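Q: Can you keep this structure in mind? I'll have questions shortly.
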Amino acid sequence: MTDTVRSYLDAFNRGDVAAMLDCLDDDVHHFVNEGEMRRGKQMFRAFCEHMSRCYREDLTDIVIFSGEDDTRAAAEFVVNGTYLVTDDGLPEATGQRYRLPAGSFFGLRDGRITRITTYYNLADWTRQVSA
């Protein structure tokens with residue numbers, strides 16, 4: 001199942017939302033660092049479209065971990081980004097660059113991702129884009 005997670009993260013780095021969606025269960029539960037849980041591929045697609053407008057990000061130093069029963073996995077990585085367009089409630093975007101350690105936890109079933117939970121330090125990100 002780590003192949004599914006690797007495929008998802010590789011698609012993220014290519015900006016290939018369709019390939020990311022191919023890795024997901026139709027009823028995927030997406031828990032973002034701040035905000036409401038999104039359910040289903042359509043909500044996930046809308047989230048990706050919003051993120052692509054506001055941010056350009058590339059993940060490096062990726063390490064993937066998996067549980068013994070292949071129903072859970074985690075990935076640790078560094079987010080290297082550029083803040084493109086001001087996001088609601090956040091500092092003004094002027095093309096600031098940022099670099100953050102982050103991680104995602106995944107639920108897996110039948111070769112698909114059923115849950116994505118992502119964490120990063122929002123205060124650190126805010127400090128970097130406000131400097």
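In the structure tokens, chains take the letters A, B, ... in the order shown, each chain's residues start at 1, and ligands count up from 1 in the order shown.
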Would you pick out the contacts of A:His30 at 7 Å or less, using only C-alpha atoms, so that residues sharing its chain but fewer than 5 positions from it are not included, and give the list as JSON, numbers by chain?
A: {"A": [37, 38, 39, 115, 116, 117]}
Q: Going by DSSP on the backbone, which bits of stretch 11-116 of chain A are alpha helix (DSSP H)? Write them as a list of chain:residue names, please.
A: A:Ala11, A:Phe12, A:Asn13, A:Arg14, A:Val17, A:Ala18, A:Ala19, A:Met20, A:Leu21, A:Asp22, A:Lys41, A:Gln42, A:Met43, A:Phe44, A:Arg45, A:Ala46, A:Phe47, A:Cys48, A:Glu49, A:His50, A:Met51, A:Ser52, A:Arg53, A:Cys54
Q: Would you return as a ChimeraX atom specification the members of chain A that DSSP assigns to strand (DSSP E) on this structure's backbone?
A: /A:24-31,38-39,55-66,72-83,97-109,112-120
Q: Which value, in Å to one decimal, gives the distance between atom CA of A:Ile62 and atom CA of A:Ala75?
A: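 These atoms are spaced 6.6 Å apart.
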Q: Using only C-alpha atoms, which residue out of A:Phe65, A:Tyr83, A:Val32, A:Ala18 lies closest to A:Glu49?
A: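 With only C-alpha atoms as the atom set, the closest residue is A:Ala18.
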Q: Please list as number ranges by chain every residue within 12 Å of A:Ala11, counting only C-alpha atoms and excluding residues in the same chain fewer than 2 positions away.
A: A: 4-9, 13-24, 48, 57-59
Q: What does the distance between atom CA of A:Asp27 and atom CA of A:Phe77 come to in Å, to one decimal place?
A: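 Pair atom CA of A:Asp27 / atom CA of A:Phe77 returns 25.3 Å.
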Q: Let me make sure I understand: among A:Gln128, A:Thr82, A:Thr118, A:Thr2, which one has the smallest atom-to-atom distance to A:Ala102 if we use only C-alpha atoms?
A: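 Answer, going by the shortest atom-to-atom distance: A:Thr118.
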